[in-house]
>>> print(open('structure_32.tsv').read())   # TSV, C-alpha atoms and all ligand atoms
chain	number	residue	atom	x	y	z
A	1	MET	CA	-24.94	-14.83	14.22
A	2	LYS	CA	-23.58	-15.70	10.75
A	3	ALA	CA	-21.15	-18.62	10.62
A	4	GLY	CA	-17.90	-17.44	9.06
A	5	LEU	CA	-19.30	-13.87	9.11
A	6	GLU	CA	-20.88	-14.66	5.73
A	7	ASP	CA	-22.27	-11.49	4.09
A	8	VAL	CA	-21.56	-9.47	7.25
A	9	VAL	CA	-20.38	-5.96	6.33
A	10	ALA	CA	-17.54	-5.30	8.76
A	11	ALA	CA	-15.95	-2.12	7.35
A	12	THR	CA	-16.42	0.69	4.88
A	13	SER	CA	-13.67	0.85	2.29
A	14	SER	CA	-12.97	2.69	-0.95
A	15	ILE	CA	-10.22	0.33	-2.07
A	16	CYS	CA	-11.91	-2.62	-3.70
A	17	ASP	CA	-15.42	-3.68	-4.64
A	18	VAL	CA	-16.32	-7.31	-5.25
A	19	ASN	CA	-19.69	-7.76	-6.94
A	20	GLY	CA	-20.40	-11.45	-6.45
A	21	THR	CA	-23.61	-11.63	-8.47
A	22	GLU	CA	-22.30	-9.83	-11.55
A	23	GLY	CA	-18.77	-11.24	-11.22
A	24	ARG	CA	-17.13	-7.82	-11.18
A	25	LEU	CA	-13.99	-6.71	-9.39
A	26	ILE	CA	-13.09	-3.03	-9.06
A	27	TYR	CA	-9.92	-1.44	-7.62
A	28	GLN	CA	-10.50	2.22	-6.64
A	29	GLY	CA	-13.15	2.57	-9.36
A	30	TYR	CA	-11.26	0.73	-12.14
A	31	ASP	CA	-12.46	-2.58	-13.52
A	32	ILE	CA	-9.99	-5.45	-13.14
A	33	HIS	CA	-10.35	-6.30	-16.86
A	34	ASP	CA	-9.15	-2.80	-17.79
A	35	LEU	CA	-6.26	-2.97	-15.34
A	36	ALA	CA	-5.19	-6.48	-16.43
A	37	GLN	CA	-5.17	-5.36	-20.04
A	38	HIS	CA	-3.55	-1.94	-19.77
A	39	SER	CA	-1.85	-1.48	-16.39
A	40	THR	CA	1.21	-2.76	-14.58
A	41	PHE	CA	1.57	-4.09	-11.04
A	42	GLU	CA	3.63	-1.04	-10.01
A	43	GLU	CA	0.86	1.27	-11.19
A	44	VAL	CA	-1.76	-0.80	-9.34
A	45	VAL	CA	0.28	-0.48	-6.14
A	46	TYR	CA	0.07	3.30	-6.46
A	47	LEU	CA	-3.63	3.13	-7.28
A	48	LEU	CA	-4.41	1.04	-4.21
A	49	TRP	CA	-2.41	3.21	-1.80
A	50	PHE	CA	-3.23	6.66	-3.13
A	51	GLY	CA	-6.74	6.10	-4.50
A	52	ARG	CA	-6.03	7.28	-8.06
A	53	LEU	CA	-3.81	6.47	-11.03
A	54	PRO	CA	-0.37	8.12	-10.81
A	55	THR	CA	0.85	10.92	-13.06
A	56	LYS	CA	3.93	10.08	-15.12
A	57	THR	CA	6.24	11.57	-12.47
A	58	GLU	CA	4.43	9.80	-9.61
A	59	PHE	CA	4.64	6.53	-11.53
A	60	GLU	CA	8.37	6.98	-12.10
A	61	THR	CA	8.89	7.76	-8.41
A	62	ILE	CA	7.01	4.72	-7.09
A	63	SER	CA	8.61	2.44	-9.71
A	64	ARG	CA	12.06	3.67	-8.66
A	65	GLU	CA	11.28	3.20	-4.97
A	66	LEU	CA	10.05	-0.34	-5.69
A	67	ARG	CA	13.30	-1.04	-7.54
A	68	VAL	CA	15.91	0.41	-5.19
A	69	ASN	CA	14.37	-1.14	-2.07
A	70	ARG	CA	14.58	-4.77	-3.27
A	71	HIS	CA	17.76	-5.62	-1.40
A	72	LEU	CA	17.60	-7.46	1.93
A	73	PRO	CA	19.62	-6.64	5.06
A	74	GLU	CA	22.69	-8.89	5.17
A	75	GLU	CA	21.66	-10.10	8.63
A	76	LEU	CA	18.36	-11.39	7.25
A	77	VAL	CA	20.09	-13.29	4.45
A	78	LYS	CA	22.45	-14.81	7.03
A	79	ALA	CA	19.50	-15.79	9.22
A	80	MET	CA	17.77	-17.37	6.21
A	81	HIS	CA	20.86	-19.51	5.63
A	82	ALA	CA	20.53	-20.78	9.20
A	83	LEU	CA	16.89	-21.87	8.82
A	84	PRO	CA	16.06	-25.56	8.36
A	85	LYS	CA	16.07	-26.33	4.62
A	86	LYS	CA	12.73	-28.10	4.94
A	87	ALA	CA	11.00	-24.92	6.19
A	88	SER	CA	8.09	-24.00	3.92
A	89	PRO	CA	8.46	-20.77	1.92
A	90	MET	CA	5.41	-19.33	3.72
A	91	GLU	CA	7.02	-20.00	7.11
A	92	VAL	CA	10.22	-18.37	5.90
A	93	LEU	CA	8.31	-15.40	4.51
A	94	ARG	CA	6.38	-14.93	7.76
A	95	THR	CA	9.57	-15.07	9.83
A	96	SER	CA	11.54	-12.84	7.45
A	97	VAL	CA	8.89	-10.10	7.38
A	98	SER	CA	8.84	-10.22	11.16
A	99	MET	CA	12.64	-9.80	11.19
A	100	LEU	CA	12.53	-6.94	8.67
A	101	SER	CA	10.70	-4.72	11.15
A	102	MET	CA	13.80	-4.80	13.37
A	103	TYR	CA	15.93	-3.36	10.54
A	104	ASP	CA	13.39	-0.82	9.31
A	105	PRO	CA	14.51	2.80	9.81
A	106	ASP	CA	10.89	3.88	10.39
A	107	VAL	CA	10.09	1.18	12.93
A	108	ASN	CA	8.93	3.60	15.61
A	109	ASP	CA	6.93	5.88	13.35
A	110	ASN	CA	3.32	4.87	12.71
A	111	GLY	CA	2.41	7.94	10.62
A	112	ARG	CA	1.05	7.60	7.06
A	113	GLU	CA	4.24	8.78	5.32
A	114	ALA	CA	6.39	6.33	7.31
A	115	ASN	CA	3.89	3.54	6.70
A	116	ILE	CA	3.98	4.17	2.96
A	117	ARG	CA	7.78	3.93	3.07
A	118	LYS	CA	7.52	0.69	5.08
A	119	ALA	CA	4.89	-0.71	2.71
A	120	THR	CA	7.10	0.19	-0.27
A	121	ARG	CA	10.08	-1.59	1.24
A	122	LEU	CA	8.00	-4.66	2.06
A	123	THR	CA	6.43	-4.79	-1.42
A	124	ALA	CA	9.91	-4.53	-2.93
A	125	GLN	CA	11.55	-7.03	-0.55
A	126	ILE	CA	8.97	-9.83	-0.30
A	127	PRO	CA	9.67	-11.14	-3.83
A	128	THR	CA	13.40	-11.13	-3.02
A	129	ILE	CA	12.77	-13.17	0.14
A	130	VAL	CA	10.71	-15.73	-1.79
A	131	ALA	CA	13.25	-16.14	-4.60
A	132	TYR	CA	16.23	-16.15	-2.21
A	133	TRP	CA	14.67	-18.88	-0.09
A	134	ASP	CA	14.32	-21.14	-3.13
A	135	ASN	CA	17.97	-20.47	-3.96
A	136	ILE	CA	19.18	-21.00	-0.41
A	137	ARG	CA	17.29	-24.22	0.22
A	138	ASN	CA	18.57	-25.64	-3.07
A	139	GLY	CA	22.17	-24.62	-2.40
A	140	ARG	CA	22.24	-22.01	-5.19
A	141	GLN	CA	23.90	-18.62	-4.93
A	142	THR	CA	21.68	-15.58	-4.32
A	143	LEU	CA	22.11	-12.92	-6.99
A	144	ALA	CA	21.82	-9.21	-6.24
A	145	ALA	CA	18.33	-7.91	-7.05
A	146	ARG	CA	18.20	-5.96	-10.32
A	147	GLU	CA	17.18	-2.33	-10.33
A	148	ASP	CA	16.53	-2.05	-14.06
A	149	CYS	CA	13.31	-4.01	-14.46
A	150	ASN	CA	9.86	-4.44	-12.94
A	151	ILE	CA	8.97	-6.62	-9.95
A	152	ALA	CA	7.78	-9.55	-12.08
A	153	SER	CA	10.96	-9.70	-14.20
A	154	ASN	CA	13.23	-9.26	-11.19
A	155	PHE	CA	11.47	-12.05	-9.30
A	156	LEU	CA	11.85	-14.50	-12.21
A	157	TYR	CA	15.46	-13.36	-12.67
A	158	LEU	CA	16.33	-13.97	-9.01
A	159	LEU	CA	14.53	-17.32	-9.02
A	160	ASN	CA	15.83	-18.76	-12.30
A	161	GLN	CA	19.08	-16.76	-12.38
A	162	LYS	CA	18.43	-15.54	-15.91
A	163	MET	CA	16.21	-12.84	-17.36
A	164	PRO	CA	12.75	-14.16	-18.30
A	165	GLU	CA	11.15	-14.08	-21.74
A	166	GLU	CA	8.82	-11.12	-22.23
A	167	VAL	CA	5.72	-13.36	-22.29
A	168	SER	CA	6.66	-14.92	-18.92
A	169	SER	CA	7.34	-11.56	-17.34
A	170	ARG	CA	4.08	-10.04	-18.58
A	171	SER	CA	2.11	-13.14	-17.51
A	172	LEU	CA	3.43	-12.83	-13.97
A	173	ASP	CA	2.86	-9.05	-14.02
A	174	ILE	CA	-0.82	-9.64	-14.90
A	175	ALA	CA	-1.11	-12.34	-12.23
A	176	LEU	CA	0.24	-9.82	-9.68
A	177	ILE	CA	-2.37	-7.26	-10.81
A	178	LEU	CA	-5.16	-9.82	-10.49
A	179	HIS	CA	-4.18	-10.92	-6.98
A	180	ALA	CA	-3.44	-7.45	-5.57
A	181	ASP	CA	-6.61	-6.91	-3.59
A	182	HIS	CA	-9.92	-8.56	-2.83
A	183	GLU	CA	-11.85	-6.57	-0.25
A	184	LEU	CA	-12.21	-8.26	3.14
A	185	ASN	CA	-10.76	-11.66	2.28
A	186	ALA	CA	-9.50	-13.59	5.31
A	187	SER	CA	-5.87	-12.38	5.24
A	188	THR	CA	-6.81	-8.74	4.65
A	189	PHE	CA	-9.33	-8.93	7.46
A	190	ALA	CA	-6.60	-10.38	9.69
A	191	ALA	CA	-4.33	-7.45	8.73
A	192	ARG	CA	-7.07	-4.93	9.53
A	193	VAL	CA	-7.87	-6.57	12.88
A	194	ALA	CA	-4.19	-6.33	13.81
A	195	ALA	CA	-3.86	-2.74	12.54
A	196	ALA	CA	-6.97	-1.71	14.47
A	197	THR	CA	-5.10	-2.31	17.73
A	198	LEU	CA	-2.63	0.33	16.41
A	199	THR	CA	0.14	-2.22	16.25
A	200	ASP	CA	2.77	-1.65	13.53
A	201	ILE	CA	2.36	-2.49	9.84
A	202	HIS	CA	4.91	-5.34	9.97
A	203	SER	CA	2.83	-7.10	12.64
A	204	ALA	CA	-0.31	-6.67	10.53
A	205	ILE	CA	1.45	-8.14	7.48
A	206	VAL	CA	2.78	-11.08	9.52
A	207	ALA	CA	-0.80	-11.82	10.64
A	208	ALA	CA	-1.93	-11.65	7.01
A	209	ILE	CA	0.83	-13.97	5.76
A	210	GLY	CA	-0.04	-16.59	8.38
A	211	THR	CA	-3.70	-16.35	7.38
A	212	LEU	CA	-3.01	-16.53	3.64
A	213	ALA	CA	-1.10	-19.79	4.10
A	214	GLY	CA	-4.23	-21.86	4.84
A	215	PRO	CA	-5.54	-24.25	2.15
A	216	LEU	CA	-8.96	-22.59	2.15
A	217	HIS	CA	-7.32	-19.28	1.19
A	218	GLY	CA	-4.01	-18.76	-0.63
A	219	GLY	CA	-2.91	-22.36	-0.17
A	220	ALA	CA	-5.53	-23.58	-2.66
A	221	ASN	CA	-3.44	-22.96	-5.82
A	222	GLN	CA	-0.78	-25.40	-4.63
A	223	GLU	CA	-3.41	-28.05	-3.99
A	224	VAL	CA	-4.81	-27.54	-7.51
A	225	ILE	CA	-1.54	-28.34	-9.26
A	226	LYS	CA	-0.92	-31.30	-6.95
A	227	MET	CA	-4.31	-32.65	-8.01
A	228	LEU	CA	-3.57	-32.11	-11.72
A	229	ILE	CA	-0.19	-33.84	-11.37
A	230	LYS	CA	-1.88	-36.75	-9.59
A	231	ILE	CA	-4.50	-37.06	-12.34
A	232	ASP	CA	-1.73	-36.72	-14.95
A	233	GLN	CA	-3.71	-37.64	-18.10
A	234	PRO	CA	-6.72	-35.83	-19.61
A	235	GLU	CA	-8.67	-39.11	-19.91
A	236	ARG	CA	-8.26	-39.71	-16.18
A	237	VAL	CA	-9.90	-36.42	-15.22
A	238	GLU	CA	-13.49	-37.64	-15.38
A	239	PRO	CA	-13.20	-40.74	-13.15
A	240	TYR	CA	-11.04	-38.80	-10.66
A	241	ILE	CA	-13.40	-35.84	-10.32
A	242	LYS	CA	-16.55	-37.98	-10.27
A	243	LYS	CA	-15.12	-40.14	-7.48
A	244	ALA	CA	-13.98	-37.10	-5.49
A	245	LEU	CA	-17.41	-35.48	-5.76
A	246	GLU	CA	-19.17	-38.73	-4.83
A	247	GLU	CA	-16.98	-38.86	-1.74
A	248	HIS	CA	-18.00	-35.23	-0.97
A	249	LYS	CA	-14.42	-34.04	-1.27
A	250	LYS	CA	-13.76	-30.40	-2.02
A	251	ILE	CA	-12.13	-29.70	-5.37
A	252	MET	CA	-9.57	-27.01	-4.72
A	253	GLY	CA	-9.82	-23.90	-6.87
A	254	PHE	CA	-13.62	-23.97	-7.01
A	255	GLY	CA	-16.28	-22.10	-5.10
A	256	HIS	CA	-16.14	-18.72	-3.49
A	257	ARG	CA	-17.75	-17.05	-0.52
A	258	VAL	CA	-18.70	-13.97	-2.54
A	259	TYR	CA	-18.76	-14.86	-6.27
A	260	LYS	CA	-21.91	-16.69	-7.29
A	261	THR	CA	-20.82	-16.51	-10.90
A	262	GLU	CA	-17.44	-16.62	-12.62
A	263	ASP	CA	-14.58	-14.98	-10.74
A	264	PRO	CA	-13.44	-12.30	-13.25
A	265	ARG	CA	-9.80	-13.05	-12.39
A	266	ALA	CA	-10.24	-16.67	-13.50
A	267	TRP	CA	-11.11	-15.47	-17.02
A	268	HIS	CA	-7.66	-13.86	-17.47
A	269	LEU	CA	-5.79	-16.71	-15.87
A	270	ARG	CA	-7.59	-19.21	-18.13
A	271	GLN	CA	-6.41	-17.27	-21.22
A	272	MET	CA	-2.90	-17.09	-19.82
A	273	SER	CA	-2.87	-20.80	-19.05
A	274	GLU	CA	-3.79	-21.55	-22.66
A	275	ALA	CA	-1.31	-19.02	-24.11
A	276	LEU	CA	1.59	-20.31	-21.99
A	277	GLY	CA	0.64	-23.90	-22.85
A	278	LYS	CA	0.72	-23.08	-26.56
A	279	GLN	CA	4.04	-21.30	-26.21
A	280	ALA	CA	5.54	-24.28	-24.38
A	281	GLY	CA	3.96	-26.79	-26.77
A	282	GLU	CA	2.36	-28.48	-23.73
A	283	LEU	CA	-1.38	-27.92	-23.56
A	284	LYS	CA	-2.00	-30.85	-21.23
A	285	TRP	CA	-2.37	-28.80	-18.03
A	286	TYR	CA	-4.74	-26.35	-19.69
A	287	GLN	CA	-6.80	-29.13	-21.26
A	288	MET	CA	-7.04	-31.04	-17.98
A	289	SER	CA	-8.05	-27.84	-16.18
A	290	ARG	CA	-10.79	-27.19	-18.74
A	291	LYS	CA	-12.14	-30.70	-18.23
A	292	VAL	CA	-12.12	-30.38	-14.43
A	293	GLU	CA	-13.90	-27.05	-14.76
A	294	GLU	CA	-16.65	-28.52	-16.99
A	295	LEU	CA	-17.25	-31.43	-14.64
A	296	VAL	CA	-17.36	-29.40	-11.41
A	297	GLN	CA	-19.58	-26.80	-13.03
A	298	ALA	CA	-22.01	-29.46	-14.36
A	299	ASP	CA	-22.14	-31.47	-11.15
A	300	LYS	CA	-21.96	-28.79	-8.42
A	301	GLY	CA	-22.72	-25.56	-10.26
A	302	LEU	CA	-19.43	-24.19	-8.91
A	303	TYR	CA	-17.14	-21.85	-10.86
A	304	ALA	CA	-13.36	-21.78	-10.94
A	305	ASN	CA	-11.85	-19.15	-8.65
A	306	VAL	CA	-8.55	-17.23	-8.92
A	307	ASP	CA	-6.56	-20.17	-7.61
A	308	PHE	CA	-7.64	-22.69	-10.22
A	309	TYR	CA	-5.93	-21.35	-13.33
A	310	SER	CA	-3.15	-19.54	-11.50
A	311	ALA	CA	-1.94	-23.06	-10.66
A	312	SER	CA	-1.26	-24.11	-14.27
A	313	VAL	CA	0.02	-20.61	-15.13
A	314	TYR	CA	2.68	-20.68	-12.40
A	315	TYR	CA	3.54	-24.29	-13.18
A	316	MET	CA	4.19	-23.42	-16.81
A	317	LEU	CA	6.29	-20.44	-15.75
A	318	GLY	CA	8.55	-23.05	-14.11
A	319	ILE	CA	7.80	-21.85	-10.59
A	320	PRO	CA	8.20	-24.50	-7.83
A	321	ILE	CA	4.80	-25.55	-6.44
A	322	ASP	CA	5.33	-24.38	-2.88
A	323	LEU	CA	6.14	-20.87	-4.15
A	324	PHE	CA	2.62	-20.44	-5.58
A	325	THR	CA	1.16	-19.12	-2.32
A	326	PRO	CA	4.19	-16.89	-1.59
A	327	ILE	CA	3.70	-15.32	-5.06
A	328	PHE	CA	0.12	-14.58	-4.02
A	329	ALA	CA	1.66	-12.82	-0.98
A	330	CYS	CA	4.06	-10.83	-3.23
A	331	SER	CA	1.00	-9.34	-4.88
A	332	ARG	CA	-1.48	-9.17	-1.98
A	333	MET	CA	1.12	-7.27	0.06
A	334	SER	CA	-0.06	-4.20	-1.87
A	335	GLY	CA	-3.70	-4.76	-0.91
A	336	TRP	CA	-2.87	-5.57	2.71
A	337	ALA	CA	-0.93	-2.30	2.94
A	338	ALA	CA	-3.78	-0.32	1.36
A	339	HIS	CA	-6.21	-1.72	3.94
A	340	VAL	CA	-3.85	-1.17	6.86
A	341	LEU	CA	-3.40	2.48	5.78
A	342	GLU	CA	-7.17	2.88	5.46
A	343	GLN	CA	-7.72	1.28	8.87
A	344	TYR	CA	-5.19	3.60	10.57
A	345	ALA	CA	-6.74	6.64	8.87
A	346	ASN	CA	-10.16	6.01	10.42
A	347	ASN	CA	-9.55	3.59	13.21
A	348	ARG	CA	-11.75	1.87	15.72
A	349	LEU	CA	-10.69	-1.29	17.55
A	350	ILE	CA	-12.25	-4.37	15.88
A	351	ARG	CA	-13.73	-6.37	18.69
A	352	PRO	CA	-16.85	-8.41	17.85
A	353	ARG	CA	-18.79	-10.58	20.28
A	354	ALA	CA	-19.27	-14.35	20.46
A	355	GLU	CA	-22.57	-16.03	21.26
A	356	TYR	CA	-21.84	-18.12	24.32
A	357	THR	CA	-22.81	-21.80	23.90
A	358	GLY	CA	-20.78	-23.29	26.76
A	359	ALA	CA	-21.80	-24.78	30.09
A	360	ALA	CA	-23.45	-22.74	32.85
A	361	ASN	CA	-23.50	-22.67	36.63
A	362	LEU	CA	-20.80	-25.31	37.21
A	363	LYS	CA	-19.41	-25.50	40.71
A	364	TYR	CA	-15.62	-25.46	41.09
A	365	VAL	CA	-14.23	-28.84	42.21
A	366	PRO	CA	-10.84	-28.74	43.98
A	367	LEU	CA	-8.05	-30.57	42.11
A	368	GLU	CA	-7.73	-33.32	44.73
A	369	ASP	CA	-11.43	-34.18	44.43
A	370	ARG	CA	-11.44	-34.60	40.64
A	401	LIG	N1	-15.59	-28.47	-4.15
A	401	LIG	C1	-16.70	-29.18	-3.88
A	401	LIG	N2	-17.72	-28.67	-3.17
A	401	LIG	C2	-17.62	-27.41	-2.74
A	401	LIG	C3	-16.49	-26.61	-3.00
A	401	LIG	C4	-15.46	-27.19	-3.74
A	401	LIG	N3	-14.35	-26.51	-4.03
A	401	LIG	N4	-16.66	-25.40	-2.47
A	401	LIG	C5	-17.85	-25.42	-1.88
A	401	LIG	N5	-18.43	-26.64	-2.03
A	401	LIG	C6	-19.72	-27.05	-1.52
A	401	LIG	C7	-19.55	-27.43	-0.04
A	401	LIG	O1	-19.23	-28.79	0.12
A	401	LIG	C8	-20.91	-27.07	0.48
A	401	LIG	O2	-21.82	-28.09	0.11
A	401	LIG	P1	-22.94	-28.60	1.14
A	401	LIG	O3	-23.78	-27.38	1.40
A	401	LIG	O4	-23.59	-29.68	0.39
A	401	LIG	O5	-22.17	-29.04	2.34
A	401	LIG	C9	-21.28	-25.83	-0.30
A	401	LIG	O6	-20.58	-25.94	-1.53
A	401	LIG	C10	-20.90	-24.52	0.41
A	401	LIG	O7	-19.49	-24.60	0.71
A	401	LIG	P2	-18.79	-23.88	1.93
A	401	LIG	O8	-17.44	-24.48	2.13
A	401	LIG	O9	-19.72	-23.88	3.11
A	401	LIG	O10	-18.69	-22.43	1.37
A	401	LIG	P3	-17.86	-21.23	2.01
A	401	LIG	O11	-18.44	-19.99	1.50
A	401	LIG	O12	-17.75	-21.41	3.49
A	401	LIG	O13	-16.39	-21.49	1.45
A	401	LIG	C11	-14.57	-21.62	0.01
A	401	LIG	C12	-15.85	-20.85	0.34
A	401	LIG	C13	-13.79	-20.85	-1.04
A	401	LIG	C14	-13.71	-21.76	1.27
A	401	LIG	C15	-14.96	-23.02	-0.53
A	401	LIG	O14	-15.68	-22.89	-1.73
A	401	LIG	C16	-13.75	-23.91	-0.70
A	401	LIG	O15	-13.32	-24.56	0.26
A	401	LIG	N6	-13.17	-23.97	-1.93
A	401	LIG	C17	-11.98	-24.74	-2.16
A	401	LIG	C18	-10.74	-23.97	-1.65
A	401	LIG	C19	-10.40	-22.81	-2.55
A	401	LIG	O16	-10.37	-22.93	-3.77
A	401	LIG	N7	-10.08	-21.67	-1.91
A	401	LIG	C20	-9.68	-20.47	-2.62
A	401	LIG	C21	-10.73	-19.41	-2.53
A	401	LIG	S1	-10.34	-18.04	-3.57
>>> encode(input="structure_32.tsv", output="structure tokens")
Amino acid sequence: MKAGLEDVVAATSSICDVNGTEGRLIYQGYDIHDLAQHSTFEEVVYLLWFGRLPTKTEFETISRELRVNRHLPEELVKAMHALPKKASPMEVLRTSVSMLSMYDPDVNDNGREANIRKATRLTAQIPTIVAYWDNIRNGRQTLAAREDCNIASNFLYLLNQKMPEEVSSRSLDIALILHADHELNASTFAARVAAATLTDIHSAIVAAIGTLAGPLHGGANQEVIKMLIKIDQPERVEPYIKKALEEHKKIMGFGHRVYKTEDPRAWHLRQMSEALGKQAGELKWYQMSRKVEELVQADKGLYANVDFYSASVYYMLGIPIDLFTPIFACSRMSGWAAHVLEQYANNRLIRPRAEYTGAANLKYVPLEDR
């Protein structure tokens, strides 16, 4: 028995390969560095679902589908208005995706074509839900989703109610590429376990969203920026981190179950954090992050993971802190869908065993005698 299923191979998959010793990440045969440099999130969605890069026509088709399906059913928007304003964006996202299944025209069809249509709608709609919730809870109007730009630009447009600068849009687009898939991470595994019962794709995605919300998974990026805000000044980094490590506290954004070297995604996010800092004339968050990284590396031998630098990147894009994890979901939706489709295509119920460590041979005592 391996605690936390560490190193246990629980599926075969052609979607994503994580090489933890070399620090390499591959989507369907393509290195993440290549994709981050040359690709777009829309193209990566196609790659993950169809196993190869799209032709020009296929790319235009999927991009169009991901644009025209951004709008939410009116009933969902009304329901969102009725939710308590203090509800966390991850709770709202989980509930909204669950509601969307009831409005989906393919709800009763679990075939591959229908599931691709459902996955397309969800990938297009999740960013709208996240941005709308921030508008609704802050009493702002909700603008109609645009159909003339990519997912990253439309998300920033809906959130900030103005079109983003090119550098902001491309930074978010790269962040979406980097977060799109990561083999059998906890939320993807949850999605596959659900799909393996042959339940519908919406149920699998709801399971994944709930799993992503935890601070040991997608919730870590929010904790990173909270820590940086608490530290506030570069000269306060060292005493803060030393004290935390002495007290055996975990520093969020460090360590990884699979990577024993640098997470290749962190490399890109570090560059982006610096570039956005320079653009904004505010390098403090980048400089503090660098200092934290040096100290944790020297003391614990741990490397920054994807969540560490995504925190300062999103913060400098002006994104509210509790939307960091939902943005992760906007991207990982594509990977969850790819894994659900793969699970359905070659399914067997996932049902492991537990090693029993409980009591034995107890004799039942009637209630009145206890
Ligand atoms: N800060 C300080 N110490 C850490 C650490 C961190 N971020 N991550 C791991 N460690 C230490 C643990 O305390 C433990 O030390 P010990 O053996 O002396 O008790 C050792 O490294 C192994 O950690 P463990 O939590 O058992 O590893 P895991 O493989 O179960 O967990 C993570 C992997 C990612 C959950 C873990 O590294 C973590 O909690 N990181 C912070 C949360 C985070 O950034 N999550 C996002 C992941 S992409």
>>> closest_atom_pairs(input="structure_32.tsv", of="chain A", to="ligand LIG 401 (chain A)", cutoff="6 Å", atoms="all atoms listed in the file", output="Markdown table")
| residue | atom | partner | partner_atom | distance |
| --- | --- | --- | --- | --- |
| A:Leu216 | CA | A:LIG401 | N7 | 4.3 |
| A:His217 | CA | A:LIG401 | C20 | 4.6 |
| A:Ala220 | CA | A:LIG401 | C19 | 4.9 |
| A:Lys249 | CA | A:LIG401 | C1 | 6.0 |
| A:Lys250 | CA | A:LIG401 | N1 | 3.4 |
| A:Ile251 | CA | A:LIG401 | N1 | 3.9 |
| A:Met252 | CA | A:LIG401 | C17 | 4.2 |
| A:Gly253 | CA | A:LIG401 | O16 | 3.3 |
| A:Phe254 | CA | A:LIG401 | N3 | 4.0 |
| A:Gly255 | CA | A:LIG401 | O14 | 3.5 |
| A:His256 | CA | A:LIG401 | C13 | 4.0 |
| A:Arg257 | CA | A:LIG401 | O11 | 3.6 |
| A:Asn305 | CA | A:LIG401 | S1 | 5.4 |
| A:Val306 | CA | A:LIG401 | S1 | 5.7 |
| A:Asp307 | CA | A:LIG401 | C20 | 5.9 |
>>> write_last_selection(input="structure_32.tsv", atoms="C-alpha atoms", output="PDB file, keeping the file's coordinate frame")
ATOM      1  CA  LEU A 216      -8.960 -22.590   2.150  1.00  0.00           C
ATOM      2  CA  HIS A 217      -7.320 -19.280   1.190  1.00  0.00           C
ATOM      3  CA  ALA A 220      -5.530 -23.580  -2.660  1.00  0.00           C
ATOM      4  CA  LYS A 249     -14.420 -34.040  -1.270  1.00  0.00           C
ATOM      5  CA  LYS A 250     -13.760 -30.400  -2.020  1.00  0.00           C
ATOM      6  CA  ILE A 251     -12.130 -29.700  -5.370  1.00  0.00           C
ATOM      7  CA  MET A 252      -9.570 -27.010  -4.720  1.00  0.00           C
ATOM      8  CA  GLY A 253      -9.820 -23.900  -6.870  1.00  0.00           C
ATOM      9  CA  PHE A 254     -13.620 -23.970  -7.010  1.00  0.00           C
ATOM     10  CA  GLY A 255     -16.280 -22.100  -5.100  1.00  0.00           C
ATOM     11  CA  HIS A 256     -16.140 -18.720  -3.490  1.00  0.00           C
ATOM     12  CA  ARG A 257     -17.750 -17.050  -0.520  1.00  0.00           C
ATOM     13  CA  ASN A 305     -11.850 -19.150  -8.650  1.00  0.00           C
ATOM     14  CA  VAL A 306      -8.550 -17.230  -8.920  1.00  0.00           C
ATOM     15  CA  ASP A 307      -6.560 -20.170  -7.610  1.00  0.00           C
TER      16      ASP A 307
END
>>> atom_distance(input="structure_32.tsv", atom1="CA of Lys260 in chain A", atom2="CA of Asp7 in chain A")
12.5 Å
>>> closest_residue(input="structure_32.tsv", among="A:Ala208, A:Ile201, A:Ala82, A:Leu53", to="Pro326 in chain A", atoms="only C-alpha atoms")
A:Ala208
>>> closest_residue(input="structure_32.tsv", among="A:Ile151, A:Leu184, A:Val45, A:Val313", to="Ala119 in chain A", atoms="all atoms listed in the file")
A:Val45
>>> closest_residue(input="structure_32.tsv", among="A:Phe155, A:Tyr30, A:Tyr240, A:Phe41", to="Leu295 in chain A", atoms="all atoms listed in the file")
A:Tyr240
>>> atom_distance(input="structure_32.tsv", atom1="CA of Gly218 in chain A", atom2="CA of Gln297 in chain A")
21.5 Å
>>> residues_around(input="structure_32.tsv", residues="Ser171 in chain A", least_positions_apart="3", cutoff="9 Å", atoms="only C-alpha atoms", output="VMD selection string")
chain A and resid 152 166 to 168 174 to 176 269 272 276 313 317
>>> closest_residue(input="structure_32.tsv", among="A:Asp106, A:Glu274, A:Glu147, A:Asp232", to="Asp200 in chain A", atoms="only C-alpha atoms")
A:Asp106
>>> residues_around(input="structure_32.tsv", residues="Pro73 in chain A", least_positions_apart="5", cutoff="12 Å", atoms="all atoms listed in the file", output="list in words")
Lys78, Ala79, Met80, Ser96, Val97, Met99, Leu100, Ser101, Met102, Tyr103, Asp104, Pro105, Arg121, Gln125, Thr128, Ile129 and Ala144 of chain A
>>> write_last_selection(input="structure_32.tsv", atoms="C-alpha atoms", output="tab-separated table (two decimals), in the coordinates of the input")
chain	number	residue	atom	x	y	z
A	78	LYS	CA	22.45	-14.81	7.03
A	79	ALA	CA	19.50	-15.79	9.22
A	80	MET	CA	17.77	-17.37	6.21
A	96	SER	CA	11.54	-12.84	7.45
A	97	VAL	CA	8.89	-10.10	7.38
A	99	MET	CA	12.64	-9.80	11.19
A	100	LEU	CA	12.53	-6.94	8.67
A	101	SER	CA	10.70	-4.72	11.15
A	102	MET	CA	13.80	-4.80	13.37
A	103	TYR	CA	15.93	-3.36	10.54
A	104	ASP	CA	13.39	-0.82	9.31
A	105	PRO	CA	14.51	2.80	9.81
A	121	ARG	CA	10.08	-1.59	1.24
A	125	GLN	CA	11.55	-7.03	-0.55
A	128	THR	CA	13.40	-11.13	-3.02
A	129	ILE	CA	12.77	-13.17	0.14
A	144	ALA	CA	21.82	-9.21	-6.24
